[in-house]
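Q: Dropping in query05.json, which is JSON, C-alpha atoms:
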```
[["chain", "number", "residue", "atom", "x", "y", "z"],
["J", 334, "MET", "CA", -10.26, -25.48, -16.02],
["J", 335, "LYS", "CA", -7.52, -23.96, -13.85],
["J", 336, "ASP", "CA", -4.00, -23.02, -14.92],
["J", 337, "HIS", "CA", -2.10, -24.26, -11.87],
["J", 338, "TRP", "CA", 1.31, -22.97, -13.02],
["J", 339, "LEU", "CA", -0.01, -19.47, -13.53],
["J", 340, "PHE", "CA", -1.88, -19.55, -10.23],
["J", 341, "ARG", "CA", 1.28, -20.57, -8.34],
["J", 342, "VAL", "CA", 3.35, -17.81, -9.95],
["J", 343, "VAL", "CA", 0.66, -15.25, -9.20],
["J", 344, "CYS", "CA", 0.56, -16.31, -5.54],
["J", 345, "PHE", "CA", 4.36, -16.09, -5.35],
["J", 346, "SER", "CA", 4.15, -12.64, -6.93],
["J", 347, "VAL", "CA", 1.66, -11.56, -4.29],
["J", 348, "PHE", "CA", 4.21, -12.56, -1.64],
["J", 349, "LEU", "CA", 6.99, -10.72, -3.50],
["J", 350, "ALA", "CA", 4.86, -7.59, -3.86],
["J", 351, "PHE", "CA", 4.18, -7.62, -0.12],
["J", 352, "CYS", "CA", 7.94, -7.94, 0.51],
["J", 353, "VAL", "CA", 8.59, -5.02, -1.85],
["J", 354, "VAL", "CA", 6.11, -2.87, 0.09],
["J", 355, "LEU", "CA", 7.85, -3.72, 3.36],
["J", 356, "LEU", "CA", 11.35, -3.26, 1.94],
["J", 357, "GLY", "CA", 10.30, 0.10, 0.53],
["J", 358, "ALA", "CA", 8.99, 1.11, 3.95],
["J", 359, "TYR", "CA", 12.20, -0.10, 5.59],
["J", 360, "THR", "CA", 14.31, 1.88, 3.12],
["J", 361, "ARG", "CA", 12.27, 5.00, 3.78],
["J", 362, "LEU", "CA", 12.24, 4.61, 7.56],
["J", 363, "HIS", "CA", 15.95, 3.76, 7.62],
["J", 364, "GLU", "CA", 16.56, 6.97, 5.65],
["J", 365, "ALA", "CA", 18.24, 4.91, 2.95],
["J", 366, "GLY", "CA", 16.30, 6.31, -0.01],
["J", 367, "LEU", "CA", 19.47, 7.99, -1.29],
["J", 368, "GLY", "CA", 21.80, 5.21, -0.12],
["J", 369, "CYS", "CA", 22.61, 4.74, -3.81],
["J", 370, "PRO", "CA", 22.65, 8.09, -5.61],
["J", 371, "ASP", "CA", 22.18, 6.55, -9.07],
["J", 372, "TRP", "CA", 19.69, 4.13, -10.66],
["J", 373, "PRO", "CA", 19.34, 1.22, -11.33],
["J", 374, "GLY", "CA", 22.81, 0.36, -10.05],
["J", 375, "CYS", "CA", 24.71, 1.67, -7.06],
["J", 376, "TYR", "CA", 27.68, 3.95, -7.80],
["J", 377, "GLY", "CA", 27.73, 2.45, -11.28],
["J", 378, "HIS", "CA", 27.75, -1.18, -10.07],
["J", 379, "TRP", "CA", 25.09, -3.89, -9.76],
["J", 380, "VAL", "CA", 26.26, -4.63, -6.21],
["J", 381, "VAL", "CA", 27.28, -2.15, -3.54],
["J", 382, "PRO", "CA", 31.01, -1.49, -4.09],
["J", 383, "ALA", "CA", 33.49, -1.89, -1.25],
["J", 384, "GLY", "CA", 34.23, 1.27, 0.68],
["J", 385, "THR", "CA", 30.82, 2.82, 0.01],
["J", 386, "ILE", "CA", 29.85, 5.54, 2.46],
["J", 387, "GLU", "CA", 26.97, 4.25, 4.63],
["J", 388, "ALA", "CA", 27.09, 0.80, 3.04],
["J", 389, "PRO", "CA", 24.16, -0.58, 5.16],
["J", 390, "LYS", "CA", 21.86, 2.07, 3.68],
["J", 391, "ALA", "CA", 23.12, 1.31, 0.18],
["J", 392, "TRP", "CA", 22.49, -2.41, 0.68],
["J", 393, "ALA", "CA", 18.99, -1.72, 1.99],
["J", 394, "GLU", "CA", 18.22, 0.19, -1.19],
["J", 395, "MET", "CA", 19.78, -2.44, -3.46],
["J", 396, "VAL", "CA", 17.99, -5.38, -1.81],
["J", 397, "HIS", "CA", 14.76, -3.48, -2.39],
["J", 398, "ARG", "CA", 15.68, -3.13, -6.07],
["J", 399, "TYR", "CA", 16.68, -6.80, -6.40],
["J", 400, "VAL", "CA", 13.35, -8.05, -5.04],
["J", 401, "ALA", "CA", 11.46, -5.53, -7.17],
["J", 402, "GLY", "CA", 13.36, -6.79, -10.22],
["J", 403, "LEU", "CA", 12.43, -10.40, -9.41],
["J", 404, "LEU", "CA", 8.81, -9.32, -9.09],
["J", 405, "ALA", "CA", 8.99, -7.61, -12.49],
["J", 406, "MET", "CA", 10.21, -10.87, -14.07],
["J", 407, "CYS", "CA", 7.32, -12.77, -12.47],
["J", 408, "VAL", "CA", 4.85, -10.20, -13.80],
["J", 409, "LEU", "CA", 6.35, -10.61, -17.28],
["J", 410, "PHE", "CA", 5.83, -14.38, -17.02],
["J", 411, "ILE", "CA", 2.22, -13.81, -15.90],
["J", 412, "LEU", "CA", 1.58, -11.58, -18.91],
["J", 413, "ILE", "CA", 3.14, -13.99, -21.42],
["J", 414, "ARG", "CA", 1.38, -17.01, -19.92],
["J", 415, "SER", "CA", -1.97, -15.21, -19.84],
["J", 416, "LEU", "CA", -1.67, -14.19, -23.48],
["J", 417, "ALA", "CA", -0.50, -17.62, -24.60],
["J", 418, "CYS", "CA", -3.11, -19.65, -22.70],
["J", 419, "ARG", "CA", -6.03, -17.23, -22.63],
["J", 420, "VAL", "CA", -8.23, -19.42, -24.85],
["J", 421, "ARG", "CA", -7.37, -22.78, -23.31],
["J", 422, "TYR", "CA", -7.96, -21.67, -19.71],
["J", 423, "ARG", "CA", -10.20, -18.65, -20.40],
["J", 424, "LEU", "CA", -7.81, -16.40, -18.52],
["J", 425, "PRO", "CA", -8.36, -12.71, -17.77],
["J", 426, "ILE", "CA", -6.20, -10.53, -20.01],
["J", 427, "GLY", "CA", -6.96, -6.95, -18.98],
["J", 428, "LEU", "CA", -5.67, -7.31, -15.43],
["J", 429, "PRO", "CA", -2.26, -8.85, -16.35],
["J", 430, "ILE", "CA", -1.74, -6.12, -18.97],
["J", 431, "PHE", "CA", -2.58, -3.39, -16.47],
["J", 432, "ILE", "CA", -0.29, -4.95, -13.84],
["J", 433, "SER", "CA", 2.55, -5.04, -16.39],
["J", 434, "LEU", "CA", 2.05, -1.37, -17.22],
["J", 435, "LEU", "CA", 1.99, -0.55, -13.51],
["J", 436, "VAL", "CA", 5.37, -2.27, -13.06],
["J", 437, "ILE", "CA", 6.81, 0.05, -15.73],
["J", 438, "VAL", "CA", 5.33, 3.07, -13.95],
["J", 439, "GLN", "CA", 6.73, 1.82, -10.63],
["J", 440, "ALA", "CA", 10.20, 1.45, -12.12],
["J", 441, "SER", "CA", 10.01, 5.02, -13.38],
["J", 442, "LEU", "CA", 8.87, 6.26, -9.98],
["J", 443, "GLY", "CA", 11.73, 4.35, -8.36],
["J", 444, "ARG", "CA", 14.19, 6.12, -10.62],
["J", 445, "TRP", "CA", 12.62, 9.55, -10.04],
["J", 446, "THR", "CA", 12.66, 8.94, -6.29],
["J", 447, "VAL", "CA", 16.46, 8.98, -6.53],
["J", 448, "THR", "CA", 17.00, 11.53, -9.29],
["J", 449, "LEU", "CA", 14.53, 14.03, -7.79],
["J", 450, "LYS", "CA", 16.08, 13.54, -4.34],
["J", 451, "LEU", "CA", 13.08, 12.07, -2.50],
["J", 452, "LEU", "CA", 10.55, 14.61, -3.76],
["J", 453, "PRO", "CA", 7.51, 13.92, -1.52],
["J", 454, "PRO", "CA", 4.88, 13.45, -4.30],
["J", 455, "ILE", "CA", 7.11, 10.91, -6.04],
["J", 456, "VAL", "CA", 7.81, 9.08, -2.78],
["J", 457, "MET", "CA", 4.09, 8.98, -1.96],
["J", 458, "PHE", "CA", 3.04, 7.74, -5.42],
["J", 459, "HIS", "CA", 5.82, 5.14, -5.32],
["J", 460, "LEU", "CA", 4.37, 3.88, -2.04],
["J", 461, "LEU", "CA", 0.84, 3.86, -3.48],
["J", 462, "GLY", "CA", 2.05, 2.13, -6.63],
["J", 463, "GLY", "CA", 3.63, -0.64, -4.58],
["J", 464, "MET", "CA", 0.46, -1.18, -2.60],
["J", 465, "THR", "CA", -1.64, -1.06, -5.77],
["J", 466, "LEU", "CA", 0.56, -3.69, -7.37],
["J", 467, "PHE", "CA", 0.19, -5.90, -4.29],
["J", 468, "VAL", "CA", -3.59, -5.47, -4.34],
["J", 469, "LEU", "CA", -3.99, -6.13, -8.07],
["J", 470, "LEU", "CA", -1.88, -9.29, -7.93],
["J", 471, "ALA", "CA", -3.96, -10.47, -4.96],
["J", 472, "LEU", "CA", -7.11, -9.69, -6.95],
["J", 473, "LEU", "CA", -5.75, -11.71, -9.87],
["J", 474, "ALA", "CA", -5.06, -14.61, -7.49],
["J", 475, "LEU", "CA", -8.65, -14.40, -6.24],
["J", 476, "ARG", "CA", -9.98, -14.47, -9.79],
["J", 477, "LEU", "CA", -7.83, -17.45, -10.77],
["J", 478, "GLY", "CA", -8.45, -19.37, -7.56],
["J", 479, "HIS", "CA", -12.23, -18.88, -7.25],
["J", 480, "PHE", "CA", -11.98, -18.47, -3.47],
["J", 481, "PHE", "CA", -15.40, -17.08, -2.60],
["J", 482, "GLY", "CA", -18.80, -18.65, -2.54],
["J", 483, "SER", "CA", -21.76, -16.71, -3.79],
["J", 484, "VAL", "CA", -23.14, -13.71, -1.91],
["J", 485, "ALA", "CA", -26.88, -13.09, -1.96],
["J", 486, "GLN", "CA", -28.03, -10.41, -4.39],
["J", 487, "LYS", "CA", -29.86, -8.73, -1.52],
["J", 488, "ASP", "CA", -26.61, -8.29, 0.40],
["J", 489, "CYS", "CA", -24.81, -7.09, -2.72],
["J", 490, "ARG", "CA", -27.38, -4.40, -3.39],
["J", 491, "ALA", "CA", -27.46, -3.33, 0.25],
["J", 492, "PHE", "CA", -23.73, -3.14, 0.94],
["J", 493, "ARG", "CA", -21.91, -2.66, -2.39],
["J", 494, "ARG", "CA", -21.90, 1.15, -2.40],
["J", 495, "TRP", "CA", -20.98, 1.37, 1.28],
["J", 496, "ALA", "CA", -18.04, -0.98, 0.78],
["J", 497, "LEU", "CA", -16.86, 1.07, -2.21],
["J", 498, "LEU", "CA", -17.08, 4.31, -0.22],
["J", 499, "GLY", "CA", -15.10, 2.67, 2.58],
["J", 500, "LEU", "CA", -12.43, 1.66, 0.07],
["J", 501, "VAL", "CA", -12.14, 5.25, -1.19],
["J", 502, "LEU", "CA", -11.79, 6.55, 2.38],
["J", 503, "LEU", "CA", -9.10, 3.99, 3.11],
["J", 504, "ILE", "CA", -7.14, 4.91, -0.02],
["J", 505, "VAL", "CA", -7.24, 8.59, 0.94],
["J", 506, "GLN", "CA", -6.02, 7.69, 4.41],
["J", 507, "ILE", "CA", -3.13, 5.64, 3.03],
["J", 508, "MET", "CA", -2.22, 8.61, 0.82],
["J", 509, "LEU", "CA", -2.18, 10.81, 3.92],
["J", 510, "GLY", "CA", 0.04, 8.27, 5.64],
["J", 511, "GLY", "CA", 2.41, 8.24, 2.68],
["J", 512, "TRP", "CA", 2.47, 12.04, 2.64],
["J", 513, "THR", "CA", 3.21, 12.10, 6.37],
["J", 514, "SER", "CA", 6.12, 9.71, 5.94],
["J", 515, "ALA", "CA", 7.49, 11.39, 2.81],
["J", 516, "ASN", "CA", 7.62, 14.75, 4.61],
["J", 517, "TYR", "CA", 9.12, 13.30, 7.82],
["J", 518, "ALA", "CA", 6.11, 14.46, 9.82],
["J", 519, "SER", "CA", 5.52, 11.20, 11.71],
["J", 520, "ILE", "CA", 7.11, 12.33, 14.98],
["J", 521, "VAL", "CA", 6.66, 16.09, 14.83],
["J", 522, "CYS", "CA", 4.46, 15.72, 17.91],
["J", 523, "THR", "CA", 4.55, 12.57, 20.00],
["J", 524, "ASP", "CA", 1.88, 13.13, 22.64],
["J", 525, "PHE", "CA", -1.51, 11.49, 22.15],
["J", 526, "PRO", "CA", -4.34, 12.38, 21.82],
["J", 527, "TYR", "CA", -2.79, 15.83, 22.00],
["J", 528, "CYS", "CA", -0.20, 17.50, 19.81],
["J", 529, "HIS", "CA", 2.10, 19.78, 21.80],
["J", 530, "GLY", "CA", -0.49, 19.74, 24.57],
["J", 531, "GLN", "CA", -3.39, 20.80, 22.32],
["J", 532, "LEU", "CA", -6.21, 18.79, 20.80],
["J", 533, "ILE", "CA", -6.24, 21.13, 17.80],
["J", 534, "PRO", "CA", -2.80, 22.77, 17.49],
["J", 535, "THR", "CA", -1.91, 25.69, 15.29],
["J", 536, "MET", "CA", -1.74, 24.48, 11.70],
["J", 537, "ASN", "CA", -0.47, 25.79, 8.39],
["J", 538, "PHE", "CA", -2.37, 24.52, 5.36],
["J", 539, "GLN", "CA", -0.67, 26.86, 2.88],
["J", 540, "HIS", "CA", 2.36, 24.62, 2.33],
["J", 541, "ALA", "CA", 1.22, 21.34, 3.88],
["J", 542, "PHE", "CA", -0.06, 19.90, 0.61],
["J", 543, "SER", "CA", 1.94, 21.87, -1.93],
["J", 544, "TRP", "CA", 3.37, 19.21, -4.23],
["J", 545, "MET", "CA", 5.92, 20.90, -6.44],
["J", 546, "ASP", "CA", 7.65, 23.47, -4.24],
["J", 547, "LYS", "CA", 11.45, 23.59, -4.17],
["J", 548, "LEU", "CA", 12.21, 21.16, -6.98],
["J", 549, "GLY", "CA", 15.81, 20.00, -6.72],
["J", 550, "VAL", "CA", 15.99, 20.34, -2.94],
["J", 551, "ASN", "CA", 17.25, 17.26, -1.12],
["J", 552, "TYR", "CA", 14.26, 16.14, 0.93],
["J", 553, "GLN", "CA", 16.26, 13.67, 3.03],
["J", 554, "GLY", "CA", 15.13, 14.56, 6.55],
["J", 555, "GLY", "CA", 12.45, 16.95, 5.26],
["J", 556, "VAL", "CA", 12.49, 20.67, 4.55],
["J", 557, "LEU", "CA", 9.11, 21.81, 5.91],
["J", 558, "ASP", "CA", 8.73, 23.88, 9.07],
["J", 559, "GLU", "CA", 7.19, 22.49, 12.24],
["J", 560, "SER", "CA", 3.68, 23.98, 11.87],
["J", 561, "THR", "CA", 3.41, 22.55, 8.35],
["J", 562, "ARG", "CA", 4.45, 19.09, 9.54],
["J", 563, "VAL", "CA", 2.01, 19.34, 12.42],
["J", 564, "THR", "CA", -0.74, 20.03, 9.87],
["J", 565, "ILE", "CA", 0.19, 16.95, 7.85],
["J", 566, "GLN", "CA", 0.27, 14.70, 10.91],
["J", 567, "MET", "CA", -3.01, 16.01, 12.28],
["J", 568, "MET", "CA", -4.76, 15.44, 8.93],
["J", 569, "HIS", "CA", -3.48, 11.86, 9.05],
["J", 570, "ARG", "CA", -4.86, 11.52, 12.58],
["J", 571, "PHE", "CA", -8.26, 12.97, 11.64],
["J", 572, "GLY", "CA", -8.36, 10.70, 8.60],
["J", 573, "ALA", "CA", -7.61, 7.70, 10.79],
["J", 574, "LEU", "CA", -10.52, 8.63, 13.05],
["J", 575, "VAL", "CA", -12.91, 8.90, 10.09],
["J", 576, "VAL", "CA", -11.81, 5.57, 8.60],
["J", 577, "PHE", "CA", -11.94, 3.83, 11.98],
["J", 578, "LEU", "CA", -15.46, 5.04, 12.79],
["J", 579, "TYR", "CA", -16.74, 4.30, 9.28],
["J", 580, "TRP", "CA", -15.44, 0.75, 9.10],
["J", 581, "LEU", "CA", -16.34, 0.02, 12.70],
["J", 582, "SER", "CA", -19.94, 1.03, 11.98],
["J", 583, "PHE", "CA", -20.05, -0.81, 8.66],
["J", 584, "CYS", "CA", -18.61, -4.04, 10.05],
["J", 585, "LEU", "CA", -20.99, -3.98, 12.99],
["J", 586, "LEU", "CA", -23.84, -3.46, 10.53],
["J", 587, "LEU", "CA", -22.71, -6.48, 8.52],
["J", 588, "LEU", "CA", -22.42, -8.60, 11.65],
["J", 589, "GLY", "CA", -25.87, -7.57, 12.77],
["J", 590, "THR", "CA", -27.81, -7.85, 9.51],
["J", 591, "SER", "CA", -26.06, -10.17, 7.05],
["J", 592, "ARG", "CA", -26.36, -13.95, 7.05],
["J", 593, "SER", "CA", -23.57, -14.44, 4.52],
["J", 594, "LYS", "CA", -20.64, -16.34, 6.00],
["J", 595, "VAL", "CA", -18.31, -14.63, 3.51],
["J", 596, "LEU", "CA", -19.33, -11.15, 4.65],
["J", 597, "LEU", "CA", -19.25, -12.10, 8.32],
["J", 598, "ARG", "CA", -15.68, -13.39, 7.98],
["J", 599, "PHE", "CA", -14.63, -10.24, 6.17],
["J", 600, "SER", "CA", -16.18, -8.13, 8.92],
["J", 601, "LEU", "CA", -14.24, -9.92, 11.66],
["J", 602, "VAL", "CA", -10.93, -9.73, 9.78],
["J", 603, "ILE", "CA", -11.38, -6.03, 9.00],
["J", 604, "LEU", "CA", -12.28, -5.26, 12.61],
["J", 605, "LEU", "CA", -9.17, -7.08, 13.82],
["J", 606, "LEU", "CA", -6.90, -5.28, 11.36],
["J", 607, "LEU", "CA", -8.57, -1.96, 12.13],
["J", 608, "PHE", "CA", -7.95, -2.15, 15.88],
["J", 609, "VAL", "CA", -4.39, -3.40, 15.39],
["J", 610, "GLN", "CA", -3.67, -0.56, 12.96],
["J", 611, "VAL", "CA", -4.96, 2.12, 15.31],
["J", 612, "ALA", "CA", -2.93, 0.66, 18.18],
["J", 613, "LEU", "CA", 0.20, 0.64, 16.01],
["J", 614, "GLY", "CA", -0.39, 4.24, 14.97],
["J", 615, "ILE", "CA", -0.60, 5.35, 18.59],
["J", 616, "MET", "CA", 2.50, 3.30, 19.45],
["J", 617, "ASN", "CA", 4.39, 5.01, 16.64],
["J", 618, "LEU", "CA", 3.70, 8.35, 18.32],
["J", 619, "VAL", "CA", 4.29, 7.60, 21.97],
["J", 620, "MET", "CA", 7.32, 5.34, 21.30],
["J", 621, "VAL", "CA", 8.81, 7.83, 18.80],
["J", 622, "LEU", "CA", 8.57, 5.70, 15.66],
["J", 623, "PRO", "CA", 10.43, 2.47, 16.52],
["J", 624, "LEU", "CA", 11.40, 0.71, 13.32],
["J", 625, "HIS", "CA", 9.62, -2.60, 13.99],
["J", 626, "VAL", "CA", 6.36, -0.86, 14.91],
["J", 627, "ALA", "CA", 6.50, 1.46, 11.91],
["J", 628, "LEU", "CA", 7.15, -1.48, 9.57],
["J", 629, "THR", "CA", 4.25, -3.42, 11.06],
["J", 630, "HIS", "CA", 2.06, -0.31, 10.63],
["J", 631, "ASN", "CA", 2.88, -0.35, 6.90],
["J", 632, "ALA", "CA", 2.28, -4.09, 6.65],
["J", 633, "VAL", "CA", -1.13, -3.93, 8.34],
["J", 634, "ALA", "CA", -2.13, -1.00, 6.11],
["J", 635, "ALA", "CA", -1.38, -3.14, 3.05],
["J", 636, "LEU", "CA", -3.28, -6.12, 4.50],
["J", 637, "LEU", "CA", -6.24, -3.93, 5.41],
["J", 638, "LEU", "CA", -6.32, -2.49, 1.90],
["J", 639, "VAL", "CA", -6.21, -5.89, 0.20],
["J", 640, "THR", "CA", -8.93, -7.20, 2.54],
["J", 641, "VAL", "CA", -11.22, -4.28, 1.75],
["J", 642, "VAL", "CA", -10.60, -4.75, -1.98],
["J", 643, "ALA", "CA", -11.41, -8.45, -1.62],
["J", 644, "LEU", "CA", -14.64, -7.54, 0.17],
["J", 645, "ASN", "CA", -15.62, -5.28, -2.70],
["J", 646, "TYR", "CA", -14.80, -8.08, -5.13],
["J", 647, "ALA", "CA", -16.95, -10.52, -3.18],
["J", 648, "LEU", "CA", -19.90, -8.14, -3.51],
["J", 649, "TYR", "CA", -19.93, -8.63, -7.30],
["J", 650, "PRO", "CA", -21.17, -12.23, -7.53],
["J", 651, "ARG", "CA", -22.20, -12.09, -11.21],
["J", 652, "LYS", "CA", -18.64, -11.52, -12.37],
["J", 653, "GLN", "CA", -17.44, -14.11, -9.92],
["J", 654, "GLY", "CA", -20.03, -16.58, -11.09],
["J", 655, "ALA", "CA", -18.92, -16.13, -14.66],
["J", 656, "LEU", "CA", -15.38, -16.93, -13.62],
["J", 657, "ASN", "CA", -16.44, -19.98, -11.69],
["J", 658, "ALA", "CA", -18.16, -21.26, -14.81],
["J", 659, "HIS", "CA", -14.74, -21.41, -16.45]]
```
Give the structure from this file in C-alpha cells form.
A:
Amino acid sequence: MKDHWLFRVVCFSVFLAFCVVLLGAYTRLHEAGLGCPDWPGCYGHWVVPAGTIEAPKAWAEMVHRYVAGLLAMCVLFILIRSLACRVRYRLPIGLPIFISLLVIVQASLGRWTVTLKLLPPIVMFHLLGGMTLFVLLALLALRLGHFFGSVAQKDCRAFRRWALLGLVLLIVQIMLGGWTSANYASIVCTDFPYCHGQLIPTMNFQHAFSWMDKLGVNYQGGVLDESTRVTIQMMHRFGALVVFLYWLSFCLLLLGTSRSKVLLRFSLVILLLLFVQVALGIMNLVMVLPLHVALTHNAVAALLLVTVVALNYALYPRKQGALNAH
C-alpha cells in the first residue's frame, strides 16, 4: 500500500531541495553570502529593510533562507507523517529521522556561514549538506515510489563495488569543487588545458587545504595568495579528469556487458551528464565564470550525484524487493 500524500510531499521536497542548492550557488556566485550580516533575519527584520546597502544581495540571501525554511517545514511534515503512519503503510523511519537531523545541521551551518564570515570549511560543508539533503529526499522518493524493476543478482555482484567506488570519487570531486568556490579559486587561471601557460604550474600545498587558518577573517573575495588558489583549482581539474575517466570506463563496461535495461538507462544518463559537466567546467574557465554557466555547473553536479546514488540503490535488489512487497 502506498501513502500518496507522503509521496507527493516528498517529491515536492526534492524539488525544493534542488532549488535550495541552486539558490545557495547563486548567493555564493553573486557574492551575496554576507548580504545580510545577521541570521536568521536581515538587519533584525524578516524582510530586507528599505535603504539596505546592496539590497539585491540581501534579497538573494533572504530568498535562499525563505525557500530553505519552506523545505524545513516539508521535512517536518514528512517526519510526522512517517511516524504516524509507519504501521499502516509500512513506511521507512530511519531515513526521515536522518533527513530531519540533517536539516538542523544545515540550519546551523547556514548561521555559521554568516557569523564566521564565509569561513571556507563551513561554506563547503553547507554546500555538501544541501546536496546531501537533495539526494536523501530523492532516495526517499525512490523508496516510496518503487521506481525500479529488479536487477539480476549477477549484475549486482559484478558492479556493486565499482558503483560504490565511483560514488566516493564523485563525492570527493564535489568537495573539491566546493573548496574551489569557497576560496574564490575558480578563475585564478582561465586558460585550458593550461594554467598560466603551463600544464603543471607551480603549486603551494602548504596552505591550500588548511581549514582553520585565520579564524575571524572576512573571506568575502578570498584571502589566499595566487599560488595557493592555483593549487586548489588544479586539484579540482585533476579530480575531474579522474572522475570522468572512471565513469566513462564504467558506463562503457555496463553498456557492453549488462543486459539490464535499468543499468543501461543509468549508463546513458550518466554519460550525458558527465560530458555536459566537463563542457560546463571548461566554459567556466575560458568564459571567466559567467553566472548562468556556473549555476548550470552546480545543477548538473547535483543531478549527476543523485543519478549515481540511484544507480547504487538499484544495485541492491533485495532491499528494493522487500519494499515492493509492501
Q: Can you tell me which residues surround J:Ala496 at a distance of at most 9 Å, considering all atoms listed in the file, apart from same-chain residues fewer than 3 positions away, and format the answer as a list in words?
A: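 What passes the distance filter is Phe492, Arg493, Gly499, Leu500, Val501, Trp580, Phe583, Val641, Val642, Leu644, Asn645 and Leu648 of chain J.
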Q: Which value, in Å to one decimal, gives the distance between atom CA of J:Leu638 and atom CA of J:Cys352?
A: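 Taking atom CA of J:Leu638 as the start and atom CA of J:Cys352 as the end point, the length is 15.3 Å.
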Q: Hey, can you check how far atom CA of J:Leu452 sits from atom CA of J:Tyr552?
A: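 Pair atom CA of J:Leu452 / atom CA of J:Tyr552 returns 6.2 Å.
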Q: Neighbouring residues of J:Ala358 were defined as those with any atom within 7 Å, considering all atoms listed in the file; residues of the same chain fewer than 4 positions away were excluded. Please report them as a VMD selection string.
A: chain J and resid 354 362 628 631
Q: Given the choices J:Gly555, J:Pro526, J:Gly589, J:Pro373, which gets closest to J:Leu574 if the distance is worked out from all atoms listed in the file?
A: J:Pro526
Q: What separation in Å, quoted to one decimal, exists between atom CA of J:Ser519 and atom CA of J:Gln506?
A: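 Rounded to one decimal, the two atoms are 14.1 Å apart.
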Q: When distances are computed from all atoms listed in the file, which of J:Leu367, J:Ile455, J:Leu404, J:Leu509 shows the smallest separation from J:Cys344?
A: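 Closest residue, counting all atoms listed in the file: J:Leu404.
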Q: Can you pull out every residue within 8 Å of J:Val380, counting all atoms listed in the file, but drop anything in the same chain fewer than 5 positions away, and send it as a PyMOL selection string?
A: chain J and resi 374-375+395
Q: I need every residue sitting at most 12 Å from the point (-14.2, 3.3, 14.6) (coordinates as in the file, only C-alpha atoms considered), written as an mmCIF file with C-alpha atoms, keeping the file's coordinate frame.
A:
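What landed in part_3.cif:
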```cif
data_model
loop_
_atom_site.group_PDB
_atom_site.id
_atom_site.type_symbol
_atom_site.label_atom_id
_atom_site.label_comp_id
_atom_site.auth_asym_id
_atom_site.auth_seq_id
_atom_site.Cartn_x
_atom_site.Cartn_y
_atom_site.Cartn_z
ATOM 1 C CA PHE J 571 -8.260 12.970 11.640
ATOM 2 C CA GLY J 572 -8.360 10.700 8.600
ATOM 3 C CA ALA J 573 -7.610 7.700 10.790
ATOM 4 C CA LEU J 574 -10.520 8.630 13.050
ATOM 5 C CA VAL J 575 -12.910 8.900 10.090
ATOM 6 C CA VAL J 576 -11.810 5.570 8.600
ATOM 7 C CA PHE J 577 -11.940 3.830 11.980
ATOM 8 C CA LEU J 578 -15.460 5.040 12.790
ATOM 9 C CA TYR J 579 -16.740 4.300 9.280
ATOM 10 C CA TRP J 580 -15.440 0.750 9.100
ATOM 11 C CA LEU J 581 -16.340 0.020 12.700
ATOM 12 C CA SER J 582 -19.940 1.030 11.980
ATOM 13 C CA PHE J 583 -20.050 -0.810 8.660
ATOM 14 C CA CYS J 584 -18.610 -4.040 10.050
ATOM 15 C CA LEU J 585 -20.990 -3.980 12.990
ATOM 16 C CA ILE J 603 -11.380 -6.030 9.000
ATOM 17 C CA LEU J 604 -12.280 -5.260 12.610
ATOM 18 C CA LEU J 605 -9.170 -7.080 13.820
ATOM 19 C CA LEU J 606 -6.900 -5.280 11.360
ATOM 20 C CA LEU J 607 -8.570 -1.960 12.130
ATOM 21 C CA PHE J 608 -7.950 -2.150 15.880
ATOM 22 C CA VAL J 609 -4.390 -3.400 15.390
ATOM 23 C CA GLN J 610 -3.670 -0.560 12.960
ATOM 24 C CA VAL J 611 -4.960 2.120 15.310
#
```
Q: Counting only C-alpha atoms, figure out which residue out of J:Leu428, J:Ala485, J:Cys418, J:Leu355 gets nearest to J:Ala632.
A: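 Comparing J:Leu428, J:Ala485, J:Cys418, J:Leu355 against J:Ala632, the winner is J:Leu355.
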Q: Around all the atoms of stretch 394-404 of chain J listed in the file, with 5 Å of room on each side, what axis-aligned box do you get, giving centre and edge lengths in Å to one decimal, as lines of an AutoDock Vina configuration file?
A:
```
center_x = 14.3
center_y = -5.1
center_z = -5.7
size_x = 21.0
size_y = 20.6
size_z = 19.0
```
Q: What's around J:Trp379 at 12 Å? Count only C-alpha atoms, leave out sequence neighbours fewer than 5 positions away in its own chain, and write the answer as an MDAnalysis selection string.
A: chainID J and resid 369 371:374 391:392 394:396 398:399
Q: Write out as a short mmCIF file (atom, residue, chain, number, x, y, z; two decimals) with C-alpha atoms, in the coordinates of the input which residues come within 10 Å of J:His337 when counting only C-alpha atoms, dropping same-chain ones fewer than 5 positions away.
A:
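Once written, out26.cif looks like this:
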```cif
data_model
loop_
_atom_site.label_atom_id
_atom_site.label_comp_id
_atom_site.auth_asym_id
_atom_site.auth_seq_id
_atom_site.Cartn_x
_atom_site.Cartn_y
_atom_site.Cartn_z
CA VAL J 342 3.35 -17.81 -9.95
CA VAL J 343 0.66 -15.25 -9.20
CA LEU J 477 -7.83 -17.45 -10.77
CA GLY J 478 -8.45 -19.37 -7.56
#
```
Q: Compare J:Gly427, J:Gly510, J:Gly614, J:Pro623 by their minimum atom-to-atom distance to J:Leu473, counting only C-alpha atoms, and give me the closest one.
A: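 Distance minimum relative to J:Leu473 lands on J:Gly427.
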Q: Nearest to J:Phe467: which of J:Leu409, J:Ile565, J:Leu435, J:Val626 is it, counting all atoms listed in the file?
A: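 Using all atoms listed in the file, J:Phe467 sits closest to J:Leu435.
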Q: Would you mind telling me which residue in J:Arg490, J:His569, J:Arg414, J:Lys335 lies nearest to J:Ser514 when using only C-alpha atoms?
A: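 That would be J:His569, the residue with the smallest distance to J:Ser514.
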